[in-house]
$ cat my_file_20.txt   # compact mmCIF, N, CA and C atoms
# COMPACT_ATOMS: atom_id res chain seq x y z
N MET A 8 94.49 118.05 62.21
CA MET A 8 95.51 117.50 63.08
C MET A 8 94.91 117.20 64.44
N VAL A 9 95.21 116.04 64.97
CA VAL A 9 94.71 115.62 66.27
C VAL A 9 95.73 115.99 67.33
N LYS A 10 95.27 116.66 68.34
CA LYS A 10 96.16 117.01 69.44
C LYS A 10 96.07 115.91 70.49
N ARG A 11 97.21 115.38 70.86
CA ARG A 11 97.26 114.30 71.85
C ARG A 11 97.79 114.85 73.15
N SER A 12 97.12 114.45 74.23
CA SER A 12 97.61 114.86 75.54
C SER A 12 98.78 113.97 75.92
N ARG A 13 99.64 114.49 76.72
CA ARG A 13 100.80 113.72 77.17
C ARG A 13 100.35 112.74 78.24
N ARG A 14 100.73 111.50 78.09
CA ARG A 14 100.32 110.46 79.03
C ARG A 14 101.50 110.07 79.90
N THR A 15 101.22 109.89 81.15
CA THR A 15 102.26 109.45 82.08
C THR A 15 102.24 107.93 82.17
N LYS A 16 103.29 107.37 82.79
CA LYS A 16 103.35 105.92 82.97
C LYS A 16 102.17 105.44 83.81
N SER A 17 101.77 106.21 84.82
CA SER A 17 100.64 105.78 85.66
C SER A 17 99.34 105.78 84.87
N ASP A 18 99.18 106.71 83.90
CA ASP A 18 98.00 106.69 83.05
C ASP A 18 97.96 105.43 82.21
N ALA A 19 99.11 105.03 81.68
CA ALA A 19 99.17 103.83 80.85
C ALA A 19 98.82 102.59 81.66
N VAL A 20 99.29 102.51 82.90
CA VAL A 20 98.97 101.37 83.76
C VAL A 20 97.47 101.37 84.06
N LYS A 21 96.94 102.53 84.40
CA LYS A 21 95.52 102.64 84.74
C LYS A 21 94.64 102.20 83.58
N ASP A 22 95.02 102.56 82.37
CA ASP A 22 94.21 102.27 81.20
C ASP A 22 94.52 100.93 80.54
N SER A 23 95.51 100.23 81.02
CA SER A 23 95.91 98.99 80.38
C SER A 23 94.89 97.89 80.67
N PRO A 24 94.81 96.91 79.76
CA PRO A 24 93.89 95.81 80.00
C PRO A 24 94.40 94.92 81.14
N ALA A 25 93.52 94.12 81.65
CA ALA A 25 93.88 93.21 82.73
C ALA A 25 94.84 92.14 82.21
N HIS A 26 95.74 91.73 83.08
CA HIS A 26 96.62 90.59 82.79
C HIS A 26 95.90 89.31 83.17
N PHE A 27 95.98 88.31 82.32
CA PHE A 27 95.46 86.98 82.62
C PHE A 27 96.67 86.11 82.92
N VAL A 28 96.69 85.52 84.11
CA VAL A 28 97.86 84.75 84.53
C VAL A 28 97.41 83.46 85.23
N PRO A 29 98.03 82.34 84.88
CA PRO A 29 97.68 81.08 85.55
C PRO A 29 98.08 81.10 87.03
N LEU A 30 97.28 80.46 87.86
CA LEU A 30 97.58 80.37 89.29
C LEU A 30 98.96 79.76 89.51
N ALA A 31 99.34 78.78 88.71
CA ALA A 31 100.65 78.14 88.86
C ALA A 31 101.80 79.14 88.73
N VAL A 32 101.66 80.13 87.87
CA VAL A 32 102.71 81.16 87.73
C VAL A 32 102.80 81.98 89.01
N ILE A 33 101.67 82.36 89.58
CA ILE A 33 101.67 83.13 90.83
C ILE A 33 102.36 82.32 91.93
N ILE A 34 102.01 81.05 92.03
CA ILE A 34 102.58 80.19 93.08
C ILE A 34 104.07 79.97 92.87
N ASN A 35 104.45 79.58 91.67
CA ASN A 35 105.84 79.18 91.41
C ASN A 35 106.80 80.33 91.21
N ASP A 36 106.37 81.39 90.53
CA ASP A 36 107.29 82.47 90.18
C ASP A 36 107.20 83.68 91.10
N TYR A 37 106.14 83.79 91.89
CA TYR A 37 105.94 84.97 92.73
C TYR A 37 105.65 84.60 94.18
N GLU A 38 106.11 83.42 94.60
CA GLU A 38 105.98 82.96 95.98
C GLU A 38 104.54 83.02 96.48
N ALA A 39 103.61 82.65 95.60
CA ALA A 39 102.17 82.62 95.92
C ALA A 39 101.64 83.99 96.33
N SER A 40 102.18 85.04 95.74
CA SER A 40 101.76 86.40 96.07
C SER A 40 101.26 87.12 94.82
N LEU A 41 99.95 87.26 94.71
CA LEU A 41 99.38 88.03 93.60
C LEU A 41 99.88 89.47 93.65
N PHE A 42 99.99 90.03 94.85
CA PHE A 42 100.48 91.40 94.98
C PHE A 42 101.91 91.50 94.42
N GLY A 43 102.73 90.50 94.70
CA GLY A 43 104.08 90.48 94.15
C GLY A 43 104.07 90.49 92.63
N TYR A 44 103.17 89.71 92.03
CA TYR A 44 103.04 89.69 90.57
C TYR A 44 102.62 91.06 90.06
N MET A 45 101.65 91.67 90.72
CA MET A 45 101.13 92.96 90.28
C MET A 45 102.22 94.03 90.33
N ARG A 46 102.98 94.06 91.40
CA ARG A 46 104.06 95.05 91.53
C ARG A 46 105.17 94.79 90.52
N ALA A 47 105.57 93.53 90.37
CA ALA A 47 106.67 93.19 89.46
C ALA A 47 106.32 93.52 88.01
N ASN A 48 105.04 93.44 87.66
CA ASN A 48 104.60 93.68 86.29
C ASN A 48 103.92 95.03 86.10
N ASN A 49 103.87 95.83 87.16
CA ASN A 49 103.29 97.17 87.12
C ASN A 49 101.86 97.16 86.55
N VAL A 50 101.02 96.28 87.12
CA VAL A 50 99.62 96.19 86.69
C VAL A 50 98.70 96.34 87.90
N ASN A 51 97.51 96.82 87.63
CA ASN A 51 96.51 97.01 88.69
C ASN A 51 95.32 96.08 88.56
N ASP A 52 95.22 95.39 87.46
CA ASP A 52 94.07 94.52 87.20
C ASP A 52 94.58 93.17 86.68
N VAL A 53 94.26 92.10 87.43
CA VAL A 53 94.76 90.78 87.09
C VAL A 53 93.63 89.76 87.21
N VAL A 54 93.60 88.82 86.28
CA VAL A 54 92.68 87.69 86.34
C VAL A 54 93.53 86.43 86.52
N VAL A 55 93.35 85.78 87.66
CA VAL A 55 94.09 84.55 87.96
C VAL A 55 93.23 83.38 87.50
N THR A 56 93.82 82.50 86.69
CA THR A 56 93.06 81.39 86.11
C THR A 56 93.56 80.04 86.60
N MET A 57 92.65 79.07 86.61
CA MET A 57 92.99 77.72 87.04
C MET A 57 92.07 76.71 86.34
N PRO A 58 92.60 75.96 85.37
CA PRO A 58 91.81 74.86 84.82
C PRO A 58 91.90 73.68 85.79
N VAL A 59 90.79 73.04 86.02
CA VAL A 59 90.79 71.95 87.00
C VAL A 59 89.76 70.90 86.60
N THR A 60 90.09 69.64 86.92
CA THR A 60 89.15 68.54 86.72
C THR A 60 88.78 67.99 88.09
N ILE A 61 87.49 67.91 88.37
CA ILE A 61 86.98 67.48 89.67
C ILE A 61 86.08 66.26 89.46
N ASP A 62 86.22 65.29 90.35
CA ASP A 62 85.32 64.13 90.32
C ASP A 62 84.13 64.48 91.20
N VAL A 63 83.02 64.83 90.57
CA VAL A 63 81.82 65.28 91.27
C VAL A 63 80.92 64.08 91.55
N THR A 64 80.51 63.93 92.81
CA THR A 64 79.66 62.82 93.21
C THR A 64 78.42 62.76 92.33
N SER A 65 78.13 61.60 91.83
CA SER A 65 76.99 61.28 90.97
C SER A 65 77.02 61.99 89.62
N GLU A 66 78.05 62.77 89.35
CA GLU A 66 78.17 63.47 88.06
C GLU A 66 79.38 62.99 87.28
N GLY A 67 80.35 62.40 87.97
CA GLY A 67 81.58 61.98 87.30
C GLY A 67 82.57 63.13 87.20
N LYS A 68 83.59 62.94 86.37
CA LYS A 68 84.62 63.97 86.21
C LYS A 68 84.07 65.15 85.42
N GLN A 69 84.32 66.35 85.96
CA GLN A 69 83.91 67.58 85.29
C GLN A 69 85.09 68.52 85.24
N LYS A 70 85.18 69.26 84.13
CA LYS A 70 86.27 70.21 83.93
C LYS A 70 85.75 71.63 84.10
N PHE A 71 86.52 72.43 84.85
CA PHE A 71 86.16 73.82 85.08
C PHE A 71 87.34 74.72 84.74
N PHE A 72 87.04 75.91 84.30
CA PHE A 72 88.05 76.95 84.09
C PHE A 72 87.68 78.06 85.06
N VAL A 73 88.38 78.08 86.19
CA VAL A 73 88.07 79.01 87.27
C VAL A 73 88.93 80.26 87.09
N ALA A 74 88.31 81.42 87.25
CA ALA A 74 89.03 82.68 87.10
C ALA A 74 88.56 83.66 88.17
N VAL A 75 89.52 84.28 88.84
CA VAL A 75 89.22 85.30 89.84
C VAL A 75 89.93 86.58 89.41
N ALA A 76 89.13 87.61 89.16
CA ALA A 76 89.68 88.92 88.76
C ALA A 76 89.81 89.80 90.00
N VAL A 77 90.99 90.37 90.18
CA VAL A 77 91.23 91.36 91.23
C VAL A 77 91.55 92.65 90.49
N THR A 78 90.66 93.64 90.64
CA THR A 78 90.79 94.86 89.85
C THR A 78 90.73 96.12 90.70
N THR A 79 91.31 97.17 90.15
CA THR A 79 91.19 98.50 90.76
C THR A 79 90.62 99.50 89.75
N GLY A 80 90.57 99.12 88.48
CA GLY A 80 90.17 100.07 87.45
C GLY A 80 88.97 99.67 86.63
N PHE A 81 88.22 98.68 87.06
CA PHE A 81 87.03 98.26 86.31
C PHE A 81 85.79 98.63 87.11
N GLU A 82 84.82 99.24 86.44
CA GLU A 82 83.57 99.60 87.11
C GLU A 82 82.62 98.42 87.22
N GLY A 83 82.85 97.41 86.41
CA GLY A 83 82.01 96.22 86.43
C GLY A 83 82.77 95.05 85.87
N PRO A 84 82.28 93.83 86.11
CA PRO A 84 83.02 92.63 85.70
C PRO A 84 82.66 92.09 84.32
N GLU A 85 81.71 92.70 83.64
CA GLU A 85 81.15 92.09 82.44
C GLU A 85 82.18 91.78 81.37
N ALA A 86 83.06 92.71 81.06
CA ALA A 86 84.05 92.48 79.99
C ALA A 86 84.98 91.33 80.35
N LEU A 87 85.40 91.27 81.60
CA LEU A 87 86.29 90.18 82.02
C LEU A 87 85.56 88.85 82.04
N SER A 88 84.34 88.85 82.53
CA SER A 88 83.54 87.63 82.56
C SER A 88 83.32 87.10 81.15
N ASP A 89 83.01 88.01 80.23
CA ASP A 89 82.81 87.61 78.83
C ASP A 89 84.09 87.00 78.25
N GLU A 90 85.24 87.58 78.58
CA GLU A 90 86.51 87.06 78.06
C GLU A 90 86.79 85.65 78.61
N ILE A 91 86.44 85.41 79.85
CA ILE A 91 86.61 84.06 80.42
C ILE A 91 85.70 83.08 79.70
N GLU A 92 84.50 83.48 79.40
CA GLU A 92 83.58 82.62 78.63
C GLU A 92 84.20 82.26 77.29
N ARG A 93 84.78 83.26 76.61
CA ARG A 93 85.37 83.04 75.28
C ARG A 93 86.65 82.21 75.34
N SER A 94 87.44 82.41 76.38
CA SER A 94 88.78 81.80 76.40
C SER A 94 88.87 80.49 77.18
N ALA A 95 87.79 80.06 77.77
CA ALA A 95 87.82 78.78 78.52
C ALA A 95 88.20 77.65 77.58
N PRO A 96 89.11 76.78 78.04
CA PRO A 96 89.49 75.64 77.19
C PRO A 96 88.26 74.80 76.82
N LYS A 97 88.34 74.18 75.66
CA LYS A 97 87.23 73.35 75.18
C LYS A 97 86.89 72.29 76.21
N GLY A 98 85.61 72.15 76.49
CA GLY A 98 85.14 71.13 77.43
C GLY A 98 85.15 71.56 78.89
N HIS A 99 85.61 72.79 79.17
CA HIS A 99 85.65 73.31 80.54
C HIS A 99 84.48 74.26 80.78
N THR A 100 83.83 74.12 81.91
CA THR A 100 82.78 75.05 82.31
C THR A 100 83.44 76.27 82.95
N PRO A 101 83.21 77.47 82.41
CA PRO A 101 83.83 78.66 83.01
C PRO A 101 83.16 79.03 84.33
N LEU A 102 83.98 79.47 85.27
CA LEU A 102 83.50 79.95 86.57
C LEU A 102 84.29 81.21 86.88
N PHE A 103 83.60 82.35 86.94
CA PHE A 103 84.25 83.65 87.09
C PHE A 103 83.84 84.32 88.39
N ALA A 104 84.83 84.92 89.06
CA ALA A 104 84.57 85.72 90.26
C ALA A 104 85.31 87.04 90.13
N TRP A 105 84.75 88.08 90.71
CA TRP A 105 85.32 89.42 90.63
C TRP A 105 85.51 89.99 92.03
N VAL A 106 86.72 90.50 92.27
CA VAL A 106 87.04 91.16 93.54
C VAL A 106 87.44 92.59 93.20
N PRO A 107 86.53 93.56 93.37
CA PRO A 107 86.87 94.96 93.08
C PRO A 107 87.65 95.57 94.25
N ALA A 108 88.97 95.46 94.19
CA ALA A 108 89.83 95.88 95.30
C ALA A 108 89.67 97.35 95.63
N ASN A 109 89.33 98.17 94.65
CA ASN A 109 89.16 99.60 94.89
C ASN A 109 87.96 99.90 95.78
N LEU A 110 87.09 98.94 96.00
CA LEU A 110 85.92 99.14 96.86
C LEU A 110 86.14 98.63 98.28
N TYR A 111 87.36 98.16 98.56
CA TYR A 111 87.69 97.66 99.90
C TYR A 111 87.37 98.73 100.94
N ASN A 112 86.86 98.31 102.08
CA ASN A 112 86.45 99.20 103.18
C ASN A 112 85.22 100.03 102.83
N SER A 113 84.42 99.57 101.88
CA SER A 113 83.16 100.25 101.58
C SER A 113 82.04 99.22 101.63
N LYS A 114 80.81 99.71 101.67
CA LYS A 114 79.66 98.81 101.70
C LYS A 114 79.52 98.00 100.41
N GLU A 115 80.08 98.50 99.33
CA GLU A 115 79.96 97.83 98.03
C GLU A 115 80.97 96.71 97.84
N PHE A 116 81.96 96.59 98.72
CA PHE A 116 83.01 95.59 98.54
C PHE A 116 82.48 94.18 98.77
N GLY A 117 83.01 93.24 98.00
CA GLY A 117 82.66 91.84 98.18
C GLY A 117 83.31 91.01 97.10
N VAL A 118 83.06 89.73 97.14
CA VAL A 118 83.49 88.82 96.08
C VAL A 118 82.22 88.45 95.33
N PHE A 119 82.20 88.77 94.05
CA PHE A 119 81.02 88.54 93.24
C PHE A 119 81.29 87.36 92.31
N ILE A 120 80.47 86.32 92.42
CA ILE A 120 80.67 85.10 91.64
C ILE A 120 79.53 84.94 90.65
N ASP A 121 79.89 84.73 89.37
CA ASP A 121 78.88 84.51 88.34
C ASP A 121 78.09 83.24 88.62
N GLU A 122 76.88 83.22 88.11
CA GLU A 122 76.06 82.02 88.19
C GLU A 122 76.73 80.91 87.39
N ALA A 123 76.64 79.70 87.88
CA ALA A 123 77.21 78.55 87.19
C ALA A 123 76.32 77.34 87.47
N PRO A 124 76.28 76.40 86.51
CA PRO A 124 75.41 75.22 86.67
C PRO A 124 76.00 74.16 87.60
N ILE A 125 76.50 74.60 88.75
CA ILE A 125 77.08 73.69 89.74
C ILE A 125 76.59 74.09 91.11
N GLY A 126 76.78 73.24 92.08
CA GLY A 126 76.35 73.52 93.44
C GLY A 126 77.14 74.67 94.07
N GLU A 127 76.52 75.33 95.02
CA GLU A 127 77.15 76.47 95.69
C GLU A 127 78.42 76.09 96.44
N VAL A 128 78.42 74.92 97.09
CA VAL A 128 79.60 74.50 97.85
C VAL A 128 80.79 74.30 96.91
N LEU A 129 80.57 73.62 95.80
CA LEU A 129 81.63 73.41 94.83
C LEU A 129 82.09 74.74 94.23
N LYS A 130 81.14 75.57 93.85
CA LYS A 130 81.47 76.87 93.25
C LYS A 130 82.31 77.71 94.21
N ASN A 131 81.86 77.83 95.44
CA ASN A 131 82.60 78.63 96.43
C ASN A 131 83.96 78.02 96.73
N GLY A 132 84.03 76.69 96.77
CA GLY A 132 85.30 76.02 97.03
C GLY A 132 86.33 76.26 95.93
N LEU A 133 85.90 76.22 94.67
CA LEU A 133 86.81 76.45 93.56
C LEU A 133 87.33 77.89 93.56
N VAL A 134 86.46 78.84 93.78
CA VAL A 134 86.88 80.24 93.85
C VAL A 134 87.80 80.45 95.04
N ASN A 135 87.46 79.87 96.17
CA ASN A 135 88.28 80.02 97.37
C ASN A 135 89.68 79.45 97.19
N GLU A 136 89.81 78.41 96.38
CA GLU A 136 91.13 77.84 96.11
C GLU A 136 92.08 78.90 95.53
N ILE A 137 91.60 79.66 94.58
CA ILE A 137 92.43 80.73 94.00
C ILE A 137 92.65 81.83 95.03
N ILE A 138 91.61 82.22 95.75
CA ILE A 138 91.74 83.29 96.74
C ILE A 138 92.81 82.95 97.76
N GLU A 139 92.81 81.72 98.24
CA GLU A 139 93.81 81.31 99.24
C GLU A 139 95.19 81.13 98.63
N GLN A 140 95.28 80.40 97.52
CA GLN A 140 96.58 80.07 96.93
C GLN A 140 97.32 81.29 96.39
N ALA A 141 96.60 82.31 95.94
CA ALA A 141 97.23 83.51 95.38
C ALA A 141 97.29 84.66 96.39
N ALA A 142 96.88 84.40 97.62
CA ALA A 142 96.88 85.43 98.68
C ALA A 142 96.10 86.68 98.24
N VAL A 143 94.89 86.46 97.76
CA VAL A 143 94.05 87.56 97.27
C VAL A 143 93.68 88.53 98.40
N GLU A 144 93.36 88.02 99.58
CA GLU A 144 92.99 88.91 100.67
C GLU A 144 94.13 89.86 101.02
N GLU A 145 95.34 89.33 101.12
CA GLU A 145 96.50 90.16 101.41
C GLU A 145 96.75 91.17 100.29
N THR A 146 96.48 90.76 99.07
CA THR A 146 96.66 91.65 97.92
C THR A 146 95.70 92.82 98.00
N VAL A 147 94.45 92.56 98.31
CA VAL A 147 93.46 93.63 98.40
C VAL A 147 93.86 94.63 99.49
N VAL A 148 94.27 94.13 100.63
CA VAL A 148 94.70 95.01 101.72
C VAL A 148 95.92 95.84 101.27
N SER A 149 96.89 95.19 100.66
CA SER A 149 98.11 95.89 100.22
C SER A 149 97.81 96.94 99.16
N LEU A 150 96.88 96.67 98.27
CA LEU A 150 96.52 97.64 97.23
C LEU A 150 95.86 98.88 97.81
N ASN A 151 95.34 98.76 99.00
CA ASN A 151 94.61 99.89 99.61
C ASN A 151 95.40 100.58 100.72
N ARG A 152 96.69 100.33 100.79
CA ARG A 152 97.53 101.03 101.77
C ARG A 152 97.97 102.35 101.23
$ encode --input "my_file_20.txt" --output "structure tokens"
Amino acid sequence: MVKRSRRTKSDAVKDSPAHFVPLAVIINDYEASLFGYMRANNVNDVVVTMPVTIDVTSEGKQKFFVAVAVTTGFEGPEALSDEIERSAPKGHTPLFAWVPANLYNSKEFGVFIDEAPIGEVLKNGLVNEIIEQAAVEETVVSLNR
């Protein structure tokens, strides 16, 4: 017989997988507040996604699947990054960034962006679009109050 420990609601939230949510849902249903989405859905780890087509100078139209993970319970981004690689729509180049909110106010905190076969300005601009539109900075601060 296996003895199971009693789990609380906070344990279930802590151990739950990350939610993947389109940026449009955050903007339209949660007043552009990722923190609002996280509180309303009782989650601590969210990946905000945005498929986008960009007309790149001398390259033509290119499709990207941009994802920014804001987490409090992941020690590393590998599993989430791998999932973005697997779930990117056909024909879209995946671009993943990780914001470990639990490291806020420490030397280890930062925005970590995976390597991608695009220029740094474009890469940073695409990630920044999600950070600004979903109020990621405010979310990180709020998660650490």
$ residues_around --input "my_file_20.txt" --residues "stretch 54-69 of chain A" --least-positions-apart "4" --cutoff "6 Å" --atoms "all atoms listed in the file" --output "PyMOL selection string"
chain A and resi 25-30+73-77
$ closest_atom_pairs --input "my_file_20.txt" --of "stretch 79-119 of chain A" --to "stretch 123-138 of chain A" --cutoff "8 Å" --atoms "all atoms listed in the file" --output "Markdown table"
| residue | atom | partner | partner_atom | distance |
| --- | --- | --- | --- | --- |
| A:Thr100 | CA | A:Pro124 | N | 7.9 |
| A:Pro101 | C | A:Ala123 | CA | 6.6 |
| A:Leu102 | CA | A:Ala123 | CA | 6.5 |
| A:Phe103 | N | A:Ala123 | CA | 7.4 |
| A:Ala104 | CA | A:Val134 | CA | 6.9 |
$ atom_distance --input "my_file_20.txt" --atom1 "atom C of A:Thr146" --atom2 "atom C of A:Ile91"
23.0 Å
$ select_by_dssp --input "my_file_20.txt" --residues "chain A" --states "helix (DSSP H, G or I)" --output "VMD selection string"
chain A and resid 16 to 22 30 to 36 41 to 48 85 to 94 108 to 110 127 to 140 143 to 150
$ atom_distance --input "my_file_20.txt" --atom1 "atom CA of A:Gly117" --atom2 "atom N of A:Val50"
21.9 Å
$ atom_distance --input "my_file_20.txt" --atom1 "atom CA of A:Trp105" --atom2 "atom CA of A:Val143"
11.1 Å
$ residues_near_point --input "my_file_20.txt" --point "(92.5, 95.9, 86.8)" --cutoff "6 Å" --atoms "all atoms listed in the file" --output "MDAnalysis selection string"
chainID A and resid 25 51:53 77:81
$ closest_residue --input "my_file_20.txt" --among "A:Gly98, A:Gly43, A:Pro107, A:Pro24" --to "A:Lys70" --atoms "all atoms listed in the file"
A:Gly98
$ select_by_dssp --input "my_file_20.txt" --residues "stretch 11-121 of chain A" --states "strand (DSSP E or B)" --output "PyMOL selection string"
chain A and resi 26-29+53-63+67-78+100-107+119-120
$ residues_near_point --input "my_file_20.txt" --point "(98.3, 84.7, 93.7)" --cutoff "7 Å" --atoms "only C-alpha atoms" --output "NGL selection string"
:A and (30 or 33-34 or 39-41 or 140-143)
$ decode --input "my_file_20.txt" --residues "stretch 70-112 of chain A" --atoms "C-alpha atoms" --output "compact mmCIF listing (two decimals), in the first residue's frame"
# COMPACT_ATOMS: atom_id res chain seq x y z
CA LYS A 70 6.86 34.02 -39.40
CA PHE A 71 7.82 33.78 -35.74
CA PHE A 72 6.25 32.13 -32.72
CA VAL A 73 7.37 34.32 -29.83
CA ALA A 74 6.99 33.05 -26.28
CA VAL A 75 7.92 34.67 -22.98
CA ALA A 76 7.77 32.50 -19.86
CA VAL A 77 7.30 34.19 -16.49
CA THR A 78 7.91 31.61 -13.79
CA THR A 79 8.33 31.23 -10.05
CA GLY A 80 8.69 27.46 -9.86
CA PHE A 81 11.11 26.45 -12.61
CA GLU A 82 14.82 26.05 -11.94
CA GLY A 83 15.61 26.32 -15.63
CA PRO A 84 13.90 27.11 -18.94
CA GLU A 85 14.76 23.95 -20.87
CA ALA A 86 11.42 22.13 -20.58
CA LEU A 87 9.45 25.23 -21.55
CA SER A 88 11.82 26.10 -24.39
CA ASP A 89 11.54 22.55 -25.72
CA GLU A 90 7.73 22.75 -25.60
CA ILE A 91 7.78 25.98 -27.61
CA GLU A 92 9.98 24.28 -30.20
CA ARG A 93 7.47 21.40 -30.43
CA SER A 94 4.32 23.51 -30.43
CA ALA A 95 5.32 26.33 -32.79
CA PRO A 96 2.89 26.55 -35.70
CA LYS A 97 4.17 25.08 -38.96
CA GLY A 98 6.39 27.53 -40.81
CA HIS A 99 7.05 29.70 -37.73
CA THR A 100 10.52 30.16 -36.25
CA PRO A 101 10.26 29.73 -32.46
CA LEU A 102 11.70 32.47 -30.25
CA PHE A 103 11.69 31.78 -26.51
CA ALA A 104 12.53 34.02 -23.55
CA TRP A 105 12.48 33.20 -19.84
CA VAL A 106 11.87 35.58 -16.94
CA PRO A 107 12.50 33.78 -13.62
CA ALA A 108 10.40 36.06 -11.40
CA ASN A 109 11.51 34.24 -8.25
CA LEU A 110 15.04 35.59 -8.82
CA TYR A 111 13.91 39.23 -8.85
CA ASN A 112 16.17 41.46 -6.71
